[in-house]
file run-v2.pdb (PDB, C-alpha atoms and all ligand atoms)
ATOM      1  CA  MET A 162      51.293  75.615 270.974
ATOM      2  CA  GLN A 163      53.053  76.294 274.267
ATOM      3  CA  THR A 164      54.593  73.305 275.998
ATOM      4  CA  VAL A 165      53.102  72.596 279.400
ATOM      5  CA  GLY A 166      55.153  70.175 281.481
ATOM      6  CA  ARG A 167      54.490  68.952 284.965
ATOM      7  CA  PHE A 168      55.834  67.086 287.974
ATOM      8  CA  ALA A 169      53.265  65.106 289.957
ATOM      9  CA  PRO A 170      54.847  63.557 293.048
ATOM     10  CA  SER A 171      53.019  61.363 295.558
ATOM     11  CA  PRO A 172      54.088  62.707 298.943
ATOM     12  CA  SER A 173      54.306  59.389 300.767
ATOM     13  CA  GLY A 174      57.866  60.185 301.827
ATOM     14  CA  ARG A 175      60.755  62.543 301.238
ATOM     15  CA  MET A 176      61.933  62.767 297.606
ATOM     16  CA  HIS A 177      64.751  60.438 296.638
ATOM     17  CA  LEU A 178      67.174  60.766 293.754
ATOM     18  CA  GLY A 179      64.871  58.994 291.299
ATOM     19  CA  ASN A 180      62.151  61.593 291.957
ATOM     20  CA  VAL A 181      64.678  64.396 291.602
ATOM     21  CA  LEU A 182      65.849  63.040 288.249
ATOM     22  CA  CYS A 183      62.256  62.926 287.047
ATOM     23  CA  ALA A 184      61.553  66.482 288.226
ATOM     24  CA  LEU A 185      64.822  67.690 286.701
ATOM     25  CA  LEU A 186      64.205  66.198 283.236
ATOM     26  CA  ALA A 187      60.556  67.288 283.167
ATOM     27  CA  TRP A 188      61.566  70.822 284.174
ATOM     28  CA  LEU A 189      64.525  71.009 281.744
ATOM     29  CA  SER A 190      62.403  69.811 278.839
ATOM     30  CA  ALA A 191      59.591  72.311 279.524
ATOM     31  CA  ARG A 192      61.908  75.260 280.184
ATOM     32  CA  HIS A 193      64.099  74.399 277.175
ATOM     33  CA  GLN A 194      60.976  74.874 275.057
ATOM     34  CA  ASN A 195      60.116  78.108 276.935
ATOM     35  CA  GLY A 196      57.144  76.225 278.281
ATOM     36  CA  ALA A 197      55.179  76.343 281.505
ATOM     37  CA  PHE A 198      55.905  73.894 284.295
ATOM     38  CA  LEU A 199      53.210  72.766 286.726
ATOM     39  CA  LEU A 200      53.429  71.026 290.064
ATOM     40  CA  ARG A 201      50.611  68.819 291.351
ATOM     41  CA  ILE A 202      50.521  66.908 294.625
ATOM     42  CA  GLU A 203      49.195  63.375 294.069
ATOM     43  CA  ASP A 204      47.944  62.716 297.586
ATOM     44  CA  LEU A 205      44.855  60.672 296.656
ATOM     45  CA  ASP A 206      45.600  58.355 299.526
ATOM     46  CA  ALA A 207      45.523  61.180 302.076
ATOM     47  CA  MET A 208      46.274  58.837 304.994
ATOM     48  CA  ARG A 209      49.617  57.884 303.460
ATOM     49  CA  CYS A 210      50.430  61.371 302.184
ATOM     50  CA  PRO A 211      50.607  63.929 304.992
ATOM     51  CA  ARG A 212      50.799  67.633 304.144
ATOM     52  CA  SER A 213      54.177  67.828 305.834
ATOM     53  CA  TYR A 214      55.700  65.695 303.049
ATOM     54  CA  ALA A 215      54.116  67.865 300.347
ATOM     55  CA  ASP A 216      55.642  70.913 302.059
ATOM     56  CA  LEU A 217      59.034  69.210 302.138
ATOM     57  CA  ILE A 218      58.812  68.308 298.434
ATOM     58  CA  MET A 219      58.170  71.961 297.572
ATOM     59  CA  ASP A 220      61.013  73.066 299.814
ATOM     60  CA  ASP A 221      63.337  70.501 298.206
ATOM     61  CA  LEU A 222      62.342  71.609 294.681
ATOM     62  CA  ARG A 223      63.096  75.244 295.592
ATOM     63  CA  TRP A 224      66.445  74.197 297.057
ATOM     64  CA  LEU A 225      67.282  72.447 293.772
ATOM     65  CA  GLY A 226      66.290  75.550 291.776
ATOM     66  CA  LEU A 227      63.268  73.897 290.109
ATOM     67  CA  ASP A 228      60.447  76.444 289.980
ATOM     68  CA  TRP A 229      56.852  76.012 288.850
ATOM     69  CA  ASP A 230      54.011  78.149 287.572
ATOM     70  CA  GLY A 231      50.658  78.840 289.182
ATOM     71  CA  GLU A 232      48.781  77.234 292.028
ATOM     72  CA  VAL A 233      49.586  73.734 293.264
ATOM     73  CA  PRO A 234      46.532  71.443 293.146
ATOM     74  CA  TYR A 235      46.159  68.679 295.735
ATOM     75  CA  GLN A 236      44.381  65.597 294.423
ATOM     76  CA  SER A 237      42.919  64.919 297.877
ATOM     77  CA  GLU A 238      40.759  68.046 297.398
ATOM     78  CA  ARG A 239      39.483  67.206 293.923
ATOM     79  CA  ALA A 240      37.078  64.286 294.413
ATOM     80  CA  PRO A 241      34.050  66.323 293.160
ATOM     81  CA  ILE A 242      35.887  66.933 289.879
ATOM     82  CA  TYR A 243      36.807  63.248 289.497
ATOM     83  CA  GLU A 244      33.165  62.364 290.184
ATOM     84  CA  LYS A 245      32.097  64.298 287.084
ATOM     85  CA  TYR A 246      34.426  62.224 284.937
ATOM     86  CA  GLU A 247      33.387  59.025 286.663
ATOM     87  CA  GLN A 248      29.858  59.998 285.624
ATOM     88  CA  ILE A 249      30.920  60.299 281.976
ATOM     89  CA  LEU A 250      32.156  56.699 282.086
ATOM     90  CA  ARG A 251      28.987  55.607 283.867
ATOM     91  CA  GLU A 252      26.788  57.205 281.220
ATOM     92  CA  LYS A 253      28.712  55.352 278.547
ATOM     93  CA  GLY A 254      27.834  52.109 280.343
ATOM     94  CA  LEU A 255      31.473  51.329 281.028
ATOM     95  CA  LEU A 256      31.439  51.010 284.829
ATOM     96  CA  TYR A 257      30.504  48.120 287.072
ATOM     97  CA  PRO A 258      30.947  47.347 290.762
ATOM     98  CA  CYS A 259      33.633  44.807 291.614
ATOM     99  CA  PHE A 260      33.419  42.863 294.858
ATOM    100  CA  CYS A 261      36.550  40.760 294.418
ATOM    101  CA  SER A 262      38.860  40.713 297.408
ATOM    102  CA  ARG A 263      42.562  41.316 296.995
ATOM    103  CA  ALA A 264      43.156  37.641 297.742
ATOM    104  CA  ALA A 265      40.705  36.542 295.047
ATOM    105  CA  LEU A 266      42.346  38.848 292.513
ATOM    106  CA  HIS A 267      45.786  37.466 293.233
ATOM    107  CA  ALA A 268      44.711  33.830 293.390
ATOM    108  CA  ALA A 269      47.166  31.465 291.752
ATOM    109  CA  SER A 270      44.727  30.887 288.894
ATOM    110  CA  ALA A 271      44.691  34.573 287.919
ATOM    111  CA  PRO A 272      46.592  35.242 284.709
ATOM    112  CA  HIS A 273      49.736  37.247 285.462
ATOM    113  CA  LEU A 274      51.172  39.690 282.962
ATOM    114  CA  SER A 275      54.858  39.981 282.190
ATOM    115  CA  ASP A 276      55.269  43.007 284.472
ATOM    116  CA  GLY A 277      53.692  41.235 287.441
ATOM    117  CA  ARG A 278      50.254  42.824 287.130
ATOM    118  CA  VAL A 279      47.254  40.533 287.262
ATOM    119  CA  LEU A 280      44.862  40.406 284.327
ATOM    120  CA  TYR A 281      41.375  40.752 285.783
ATOM    121  CA  ALA A 282      39.465  37.525 285.218
ATOM    122  CA  GLY A 283      36.133  39.346 284.739
ATOM    123  CA  THR A 284      34.465  37.754 287.771
ATOM    124  CA  CYS A 285      32.124  40.724 288.452
ATOM    125  CA  ARG A 286      31.720  41.834 284.832
ATOM    126  CA  GLU A 287      28.288  40.338 284.209
ATOM    127  CA  LEU A 288      26.621  40.330 287.649
ATOM    128  CA  THR A 289      22.833  40.716 287.632
ATOM    129  CA  PRO A 290      21.219  43.593 289.590
ATOM    130  CA  ALA A 291      20.012  41.044 292.158
ATOM    131  CA  GLU A 292      23.515  39.617 292.611
ATOM    132  CA  ILE A 293      24.924  43.112 292.999
ATOM    133  CA  GLU A 294      22.363  43.955 295.649
ATOM    134  CA  GLU A 295      23.136  40.755 297.551
ATOM    135  CA  LYS A 296      26.899  41.328 297.444
ATOM    136  CA  ARG A 297      26.555  44.968 298.525
ATOM    137  CA  LYS A 298      25.183  43.770 301.857
ATOM    138  CA  LYS A 299      28.513  42.061 302.591
ATOM    139  CA  ARG A 300      31.094  44.509 301.275
ATOM    140  CA  ALA A 301      31.488  47.842 299.530
ATOM    141  CA  PRO A 302      32.549  47.406 295.917
ATOM    142  CA  ALA A 303      35.364  49.020 293.972
ATOM    143  CA  THR A 304      34.433  50.514 290.592
ATOM    144  CA  ARG A 305      35.903  48.961 287.492
ATOM    145  CA  VAL A 306      35.895  50.209 283.908
ATOM    146  CA  ARG A 307      35.239  47.846 280.998
ATOM    147  CA  VAL A 308      38.036  48.113 278.431
ATOM    148  CA  PRO A 309      37.589  47.396 274.724
ATOM    149  CA  ASP A 310      39.453  44.809 272.667
ATOM    150  CA  GLU A 311      41.525  47.582 271.158
ATOM    151  CA  ILE A 312      45.203  48.281 270.621
ATOM    152  CA  ILE A 313      46.368  51.635 271.954
ATOM    153  CA  SER A 314      49.681  52.865 270.537
ATOM    154  CA  PHE A 315      51.897  55.840 271.208
ATOM    155  CA  THR A 316      55.445  56.956 270.536
ATOM    156  CA  ASP A 317      57.390  57.451 273.717
ATOM    157  CA  GLY A 318      59.992  60.217 273.732
ATOM    158  CA  VAL A 319      62.724  57.838 274.937
ATOM    159  CA  PHE A 320      61.482  54.285 274.404
ATOM    160  CA  GLY A 321      59.868  54.797 270.970
ATOM    161  CA  ALA A 322      56.873  52.816 269.699
ATOM    162  CA  TYR A 323      54.769  51.221 272.434
ATOM    163  CA  SER A 324      51.401  49.537 272.126
ATOM    164  CA  GLU A 325      49.096  47.428 274.194
ATOM    165  CA  ASN A 326      45.822  45.607 273.619
ATOM    166  CA  LEU A 327      43.746  46.793 276.545
ATOM    167  CA  ALA A 328      41.564  43.698 276.827
ATOM    168  CA  GLU A 329      44.397  41.183 276.450
ATOM    169  CA  GLU A 330      47.264  42.922 278.202
ATOM    170  CA  CYS A 331      45.568  45.066 280.811
ATOM    171  CA  GLY A 332      41.965  44.021 281.430
ATOM    172  CA  ASP A 333      39.186  45.981 283.116
ATOM    173  CA  PHE A 334      40.812  48.238 285.692
ATOM    174  CA  ILE A 335      39.769  49.995 288.881
ATOM    175  CA  ILE A 336      38.989  53.694 288.746
ATOM    176  CA  ARG A 337      37.682  53.994 292.313
ATOM    177  CA  ARG A 338      38.580  51.936 295.339
ATOM    178  CA  SER A 339      36.027  50.344 297.644
ATOM    179  CA  ASP A 340      36.742  53.057 300.259
ATOM    180  CA  GLY A 341      35.708  55.726 297.722
ATOM    181  CA  VAL A 342      39.223  56.953 296.955
ATOM    182  CA  PHE A 343      39.740  57.530 293.226
ATOM    183  CA  ALA A 344      42.455  55.547 291.503
ATOM    184  CA  TYR A 345      45.604  57.083 290.069
ATOM    185  CA  GLN A 346      44.652  56.226 286.445
ATOM    186  CA  LEU A 347      41.493  58.313 286.534
ATOM    187  CA  ALA A 348      42.826  61.221 288.601
ATOM    188  CA  VAL A 349      46.039  61.649 286.624
ATOM    189  CA  THR A 350      44.168  61.707 283.307
ATOM    190  CA  VAL A 351      41.562  64.208 284.498
ATOM    191  CA  ASP A 352      44.173  66.483 286.070
ATOM    192  CA  ASP A 353      46.634  66.458 283.180
ATOM    193  CA  GLY A 354      43.742  66.897 280.740
ATOM    194  CA  LEU A 355      42.123  69.796 282.612
ATOM    195  CA  SER A 356      45.395  71.625 283.212
ATOM    196  CA  GLY A 357      46.346  71.451 279.524
ATOM    197  CA  VAL A 358      49.514  69.428 280.059
ATOM    198  CA  THR A 359      51.170  68.722 276.705
ATOM    199  CA  GLU A 360      54.165  66.720 277.927
ATOM    200  CA  VAL A 361      54.259  64.055 280.631
ATOM    201  CA  VAL A 362      57.695  63.006 281.867
ATOM    202  CA  ARG A 363      57.860  60.205 284.434
ATOM    203  CA  GLY A 364      59.660  57.004 285.361
ATOM    204  CA  SER A 365      59.603  54.028 282.992
ATOM    205  CA  ASP A 366      57.893  51.988 285.717
ATOM    206  CA  LEU A 367      54.715  53.842 284.675
ATOM    207  CA  ILE A 368      54.925  53.167 280.925
ATOM    208  CA  SER A 369      52.383  50.331 281.099
ATOM    209  CA  SER A 370      49.813  52.770 282.578
ATOM    210  CA  THR A 371      49.994  55.007 279.545
ATOM    211  CA  PRO A 372      47.738  53.048 277.123
ATOM    212  CA  ARG A 373      44.977  53.040 279.758
ATOM    213  CA  GLN A 374      45.398  56.762 280.265
ATOM    214  CA  ILE A 375      45.380  57.509 276.517
ATOM    215  CA  TRP A 376      42.136  55.572 276.220
ATOM    216  CA  LEU A 377      40.644  57.624 279.084
ATOM    217  CA  TYR A 378      41.901  60.899 277.564
ATOM    218  CA  ARG A 379      39.983  60.107 274.390
ATOM    219  CA  LEU A 380      36.814  59.135 276.256
ATOM    220  CA  PHE A 381      36.939  62.427 278.190
ATOM    221  CA  GLY A 382      37.555  64.461 275.023
ATOM    222  CA  PHE A 383      41.100  65.559 275.933
ATOM    223  CA  GLU A 384      44.037  65.604 273.546
ATOM    224  CA  PRO A 385      46.598  63.093 274.923
ATOM    225  CA  PRO A 386      49.960  64.701 275.765
ATOM    226  CA  HIS A 387      53.364  63.620 274.503
ATOM    227  CA  PHE A 388      54.743  60.960 276.862
ATOM    228  CA  VAL A 389      58.366  60.539 277.838
ATOM    229  CA  HIS A 390      59.297  57.738 280.205
ATOM    230  CA  ILE A 391      62.747  57.932 281.683
ATOM    231  CA  PRO A 392      65.003  54.987 282.520
ATOM    232  CA  LEU A 393      65.186  54.161 286.198
ATOM    233  CA  LEU A 394      68.165  55.030 288.349
ATOM    234  CA  CYS A 395      70.185  52.186 289.803
ATOM    235  CA  ASP A 396      72.691  52.227 292.581
ATOM    236  CA  VAL A 397      76.250  51.078 292.013
ATOM    237  CA  ASP A 398      75.228  47.420 292.468
ATOM    238  CA  GLY A 399      72.620  47.703 289.708
ATOM    239  CA  ARG A 400      69.741  47.709 292.207
ATOM    240  CA  ARG A 401      66.789  49.991 291.468
ATOM    241  CA  LEU A 402      66.450  52.910 293.864
ATOM    242  CA  SER A 403      63.252  53.135 295.785
ATOM    243  CA  LYS A 404      61.660  55.285 298.439
ATOM    244  CA  ARG A 405      63.004  52.806 300.968
ATOM    245  CA  ASP A 406      66.531  53.997 300.268
ATOM    246  CA  GLU A 407      66.324  56.522 303.023
ATOM    247  CA  ASP A 408      70.051  57.072 302.921
ATOM    248  CA  LEU A 409      69.519  58.812 299.583
ATOM    249  CA  ASP A 410      66.577  60.986 300.459
ATOM    250  CA  LEU A 411      66.816  64.743 300.141
ATOM    251  CA  GLY A 412      67.035  65.243 303.895
ATOM    252  CA  LEU A 413      70.455  63.612 304.016
ATOM    253  CA  LEU A 414      71.568  64.764 300.596
ATOM    254  CA  ARG A 415      70.981  68.372 301.593
ATOM    255  CA  GLU A 416      73.302  67.918 304.566
ATOM    256  CA  ARG A 417      76.100  66.444 302.464
ATOM    257  CA  PHE A 418      75.927  68.231 299.099
ATOM    258  CA  THR A 419      75.124  71.520 297.398
ATOM    259  CA  PRO A 420      72.185  71.672 294.958
ATOM    260  CA  GLU A 421      74.699  72.047 292.102
ATOM    261  CA  GLN A 422      76.494  68.843 293.143
ATOM    262  CA  VAL A 423      73.239  66.856 293.162
ATOM    263  CA  ILE A 424      72.031  68.322 289.851
ATOM    264  CA  GLY A 425      75.423  67.934 288.159
ATOM    265  CA  ALA A 426      75.694  64.290 289.224
ATOM    266  CA  LEU A 427      72.180  63.462 288.008
ATOM    267  CA  ALA A 428      72.716  65.259 284.688
ATOM    268  CA  PHE A 429      75.866  63.170 284.207
ATOM    269  CA  ALA A 430      74.047  59.945 285.142
ATOM    270  CA  ALA A 431      71.402  60.804 282.540
ATOM    271  CA  HIS A 432      74.137  61.346 279.885
ATOM    272  CA  LEU A 433      73.241  65.033 279.553
ATOM    273  CA  THR A 434      76.796  66.082 280.373
ATOM    274  CA  ASP A 435      80.193  64.502 279.819
ATOM    275  CA  ARG A 436      81.536  65.095 283.313
ATOM    276  CA  ALA A 437      80.087  64.778 286.811
ATOM    277  CA  GLU A 438      80.727  68.430 287.580
ATOM    278  CA  PRO A 439      78.460  70.629 289.696
ATOM    279  CA  ALA A 440      75.890  72.452 287.575
ATOM    280  CA  SER A 441      72.840  74.596 288.201
ATOM    281  CA  VAL A 442      69.546  73.775 286.525
ATOM    282  CA  ARG A 443      69.718  77.093 284.618
ATOM    283  CA  GLU A 444      73.071  76.096 283.104
ATOM    284  CA  LEU A 445      71.601  72.875 281.743
ATOM    285  CA  VAL A 446      68.501  74.354 280.081
ATOM    286  CA  GLN A 447      69.968  75.595 276.831
ATOM    287  CA  ASP A 448      71.684  72.370 275.745
ATOM    288  CA  PHE A 449      68.988  70.015 276.985
ATOM    289  CA  ASP A 450      68.320  67.282 274.415
ATOM    290  CA  TRP A 451      66.138  64.190 274.872
ATOM    291  CA  SER A 452      68.164  62.262 272.292
ATOM    292  CA  ARG A 453      71.048  62.042 274.785
ATOM    293  CA  ILE A 454      68.996  60.037 277.305
ATOM    294  CA  PRO A 455      69.621  56.294 276.815
ATOM    295  CA  ARG A 456      66.990  53.562 277.137
ATOM    296  CA  HIS A 457      69.016  51.464 279.547
ATOM    297  CA  GLU A 458      69.026  51.977 283.303
ATOM    298  CA  LEU A 459      71.050  54.907 284.574
ATOM    299  CA  CYS A 460      73.861  54.316 286.991
ATOM    300  CA  LEU A 461      74.262  56.525 290.019
ATOM    301  CA  PRO A 462      77.625  58.314 290.289
ATOM    302  CA  PRO A 463      79.997  57.031 293.014
ATOM    303  CA  MET A 464      79.699  60.245 295.100
ATOM    304  CA  PHE A 465      76.331  58.969 296.387
ATOM    305  CA  ARG A 466      77.750  55.685 297.651
TER     306      ARG A 466
HETATM  307  N1  LIG A 501      52.396  60.377 291.433
HETATM  308  C1  LIG A 501      53.185  59.432 290.690
HETATM  309  C2  LIG A 501      54.439  59.104 291.460
HETATM  310  O1  LIG A 501      54.890  59.887 292.273
HETATM  311  C3  LIG A 501      53.598  59.947 289.337
HETATM  312  C4  LIG A 501      52.478  59.983 288.415
HETATM  313  C5  LIG A 501      52.783  60.525 287.046
HETATM  314  O2  LIG A 501      53.804  61.211 286.864
HETATM  315  O3  LIG A 501      51.964  60.289 286.173
HETATM  316  O4  LIG A 501      54.975  58.038 291.252
END
call {"tool": "encode", "arguments": {"input": "run-v2.pdb", "output": "structure tokens"}}
result
Amino acid sequence: MQTVGRFAPSPSGRMHLGNVLCALLAWLSARHQNGAFLLRIEDLDAMRCPRSYADLIMDDLRWLGLDWDGEVPYQSERAPIYEKYEQILREKGLLYPCFCSRAALHAASAPHLSDGRVLYAGTCRELTPAEIEEKRKKRAPATRVRVPDEIISFTDGVFGAYSENLAEECGDFIIRRSDGVFAYQLAVTVDDGLSGVTEVVRGSDLISSTPRQIWLYRLFGFEPPHFVHIPLLCDVDGRRLSKRDEDLDLGLLRERFTPEQVIGALAFAAHLTDRAEPASVRELVQDFDWSRIPRHELCLPPMFR
């Protein structure tokens, strides 16, 4: 079976080094296996994701030498497709409207999980049709999916065995917001499933989403892909990089460095090479090996200070 990898950025800003590392490893892994590599723009929240950022991401990927195959889907244009899959969940009796406000969800009494997420208390789980009708007059509901008391396990390509009991460690989750926008969990599963993605590479901050997505894959009749979560990049002080680190976005990096300098430094940070020397993506393909990537956070080379 041919490997199909992908990079699925949310264009809410210019790419930063963490995004580039993710794109680089996803691309190297797919191309090392002579696989296809897809690009998808995750602009579900169209207000926060202008087209100009998607254009810049594609320009930055080309500058880095990371190519992709086929058309680029935009999630903001795919609501009718997500609706079909929402319908599958509805027909299985798994959906219910949730009227809880953000404040109610984050109330002090709500059980918090170790990663800071809030376990849904089930407030709207058993509303009667009359209660639903009454509440609808006051506010539009989000749509939540009822999860089973079931352990979902997978073997991550870097972090190894990972499992989660959906009811105890995740709780019923939102698949569509009250403004009608579909949630990441549903859209990403439908899109990766429909495009035949066999390998998902993304930051380790998303590892706790994976059990939910595997459960959805199975409900939709898709084969779940192989998941690889990569350790996050930290700056020299051990602080996680984020989109707020504008000093490290590709706009500035492109003024200061060549693509080979950026790629070489990231490959070194990821332990793929022994020296922080400039390298092109093509040079790194042949020797690419997931077993070199450590589980601990990756430290940014001093040149980016
Ligand atoms: N769109 C997500 C992000 O940019 C990535 C989603 C994924 O790779 O599954 O953080």
call {"tool": "residues_around", "arguments": {"input": "run-v2.pdb", "residues": "Pro385 (chain A)", "least_positions_apart": "3", "cutoff": "8 Å", "atoms": "only C-alpha atoms", "output": "PyMOL selection string"}}
result
chain A and resi 354+359+375+378-379
call {"tool": "resolve_selection", "arguments": {"input": "run-v2.pdb", "expression": "the PyMOL selection byres (((not hetatm)) within 9 of (chain A and resi 501))", "output": "MDAnalysis selection string"}}
result
chainID A and resid 167:173 180 183 201:204 345:346 349:350 353 361:364 366:367 370:371
call {"tool": "atom_distance", "arguments": {"input": "run-v2.pdb", "atom1": "CA of Ala197 (chain A)", "atom2": "CA of Val165 (chain A)"}}
result
4.8 Å
call {"tool": "closest_residue", "arguments": {"input": "run-v2.pdb", "among": "A:Lys299, A:Ser365, A:Tyr235, A:Tyr281", "to": "Ala328 (chain A)", "atoms": "only C-alpha atoms"}}
result
A:Tyr281
call {"tool": "resolve_selection", "arguments": {"input": "run-v2.pdb", "expression": "the PyMOL selection byres (((chain A and resi 445-458) around 10) and not hetatm)", "output": "PyMOL selection string"}}
result
chain A and resi 185-186+188-195+318-321+365+389-396+399-401+424-425+428+430-434+440-444+459-461
call {"tool": "atom_distance", "arguments": {"input": "run-v2.pdb", "atom1": "CA of Arg417 (chain A)", "atom2": "CA of Ala215 (chain A)"}}
result
22.1 Å
call {"tool": "atom_distance", "arguments": {"input": "run-v2.pdb", "atom1": "CA of Ala303 (chain A)", "atom2": "CA of Arg263 (chain A)"}}
result
11.0 Å
call {"tool": "residues_around", "arguments": {"input": "run-v2.pdb", "residues": "Glu330 (chain A)", "least_positions_apart": "6", "cutoff": "10 Å", "atoms": "only C-alpha atoms", "output": "ChimeraX atom specification"}}
result
/A:273-275,278-281,310,312,324,369
call {"tool": "resolve_selection", "arguments": {"input": "run-v2.pdb", "expression": "the PyMOL selection byres (((chain A and resi 438) around 8) and not hetatm)", "output": "MDAnalysis selection string"}}
result
chainID A and resid 422 425:426 429 436:437 439:440
call {"tool": "residues_around", "arguments": {"input": "run-v2.pdb", "residues": "Gly254 (chain A)", "least_positions_apart": "6", "cutoff": "12 Å", "atoms": "only C-alpha atoms", "output": "ChimeraX atom specification"}}
result
/A:247-248,286,305-308
call {"tool": "closest_residue", "arguments": {"input": "run-v2.pdb", "among": "A:Met219, A:Ala344, A:Leu255, A:Met176", "to": "Leu414 (chain A)", "atoms": "only C-alpha atoms"}}
result
A:Met176
call {"tool": "closest_residue", "arguments": {"input": "run-v2.pdb", "among": "A:Ala265, A:Ala207, A:Ala187, A:Val423", "to": "Ala240 (chain A)", "atoms": "all atoms listed in the file"}}
result
A:Ala207
call {"tool": "residues_around", "arguments": {"input": "run-v2.pdb", "residues": "Ser339 (chain A)", "least_positions_apart": "6", "cutoff": "10 Å", "atoms": "all atoms listed in the file", "output": "list in words"}}
result
Pro258, Cys259, Phe260, Arg300, Ala301, Pro302, Ala303 and Thr304 of chain A
call {"tool": "closest_residue", "arguments": {"input": "run-v2.pdb", "among": "A:Glu244, A:Asp410, A:Glu252, A:Glu238", "to": "Leu347 (chain A)", "atoms": "all atoms listed in the file"}}
result
A:Glu244
call {"tool": "closest_residue", "arguments": {"input": "run-v2.pdb", "among": "A:Gly226, A:Gly357, A:Gly277, A:Pro372", "to": "Thr419 (chain A)", "atoms": "only C-alpha atoms"}}
result
A:Gly226
call {"tool": "closest_residue", "arguments": {"input": "run-v2.pdb", "among": "A:Ile368, A:Leu225, A:Ala322, A:Leu205", "to": "Leu182 (chain A)", "atoms": "all atoms listed in the file"}}
result
A:Leu225
call {"tool": "decode", "arguments": {"input": "run-v2.pdb", "residues": "region 437-458 of chain A", "atoms": "C-alpha atoms", "output": "short mmCIF file (atom, residue, chain, number, x, y, z; two decimals), in the first residue's frame"}}
result
data_model
loop_
_atom_site.label_atom_id
_atom_site.label_comp_id
_atom_site.auth_asym_id
_atom_site.auth_seq_id
_atom_site.Cartn_x
_atom_site.Cartn_y
_atom_site.Cartn_z
CA ALA A 437 23.85 21.88 12.24
CA GLU A 438 24.99 22.24 8.65
CA PRO A 439 22.84 23.61 5.82
CA ALA A 440 20.97 20.85 4.01
CA SER A 441 18.28 20.64 1.37
CA VAL A 442 15.17 18.56 1.95
CA ARG A 443 16.19 16.27 -0.95
CA GLU A 444 19.51 15.51 0.77
CA LEU A 445 17.72 14.37 3.92
CA VAL A 446 15.20 12.01 2.29
CA GLN A 447 17.32 8.92 1.82
CA ASP A 448 18.60 8.60 5.40
CA PHE A 449 15.38 9.67 7.10
CA ASP A 450 14.64 7.43 10.08
CA TRP A 451 11.92 7.92 12.70
CA SER A 452 13.94 6.02 15.30
CA ARG A 453 16.34 8.98 15.54
CA ILE A 454 13.63 11.36 16.78
CA PRO A 455 13.66 11.50 20.60
CA ARG A 456 10.58 11.74 22.82
CA HIS A 457 11.84 14.73 24.78
CA GLU A 458 11.38 18.32 23.66
#
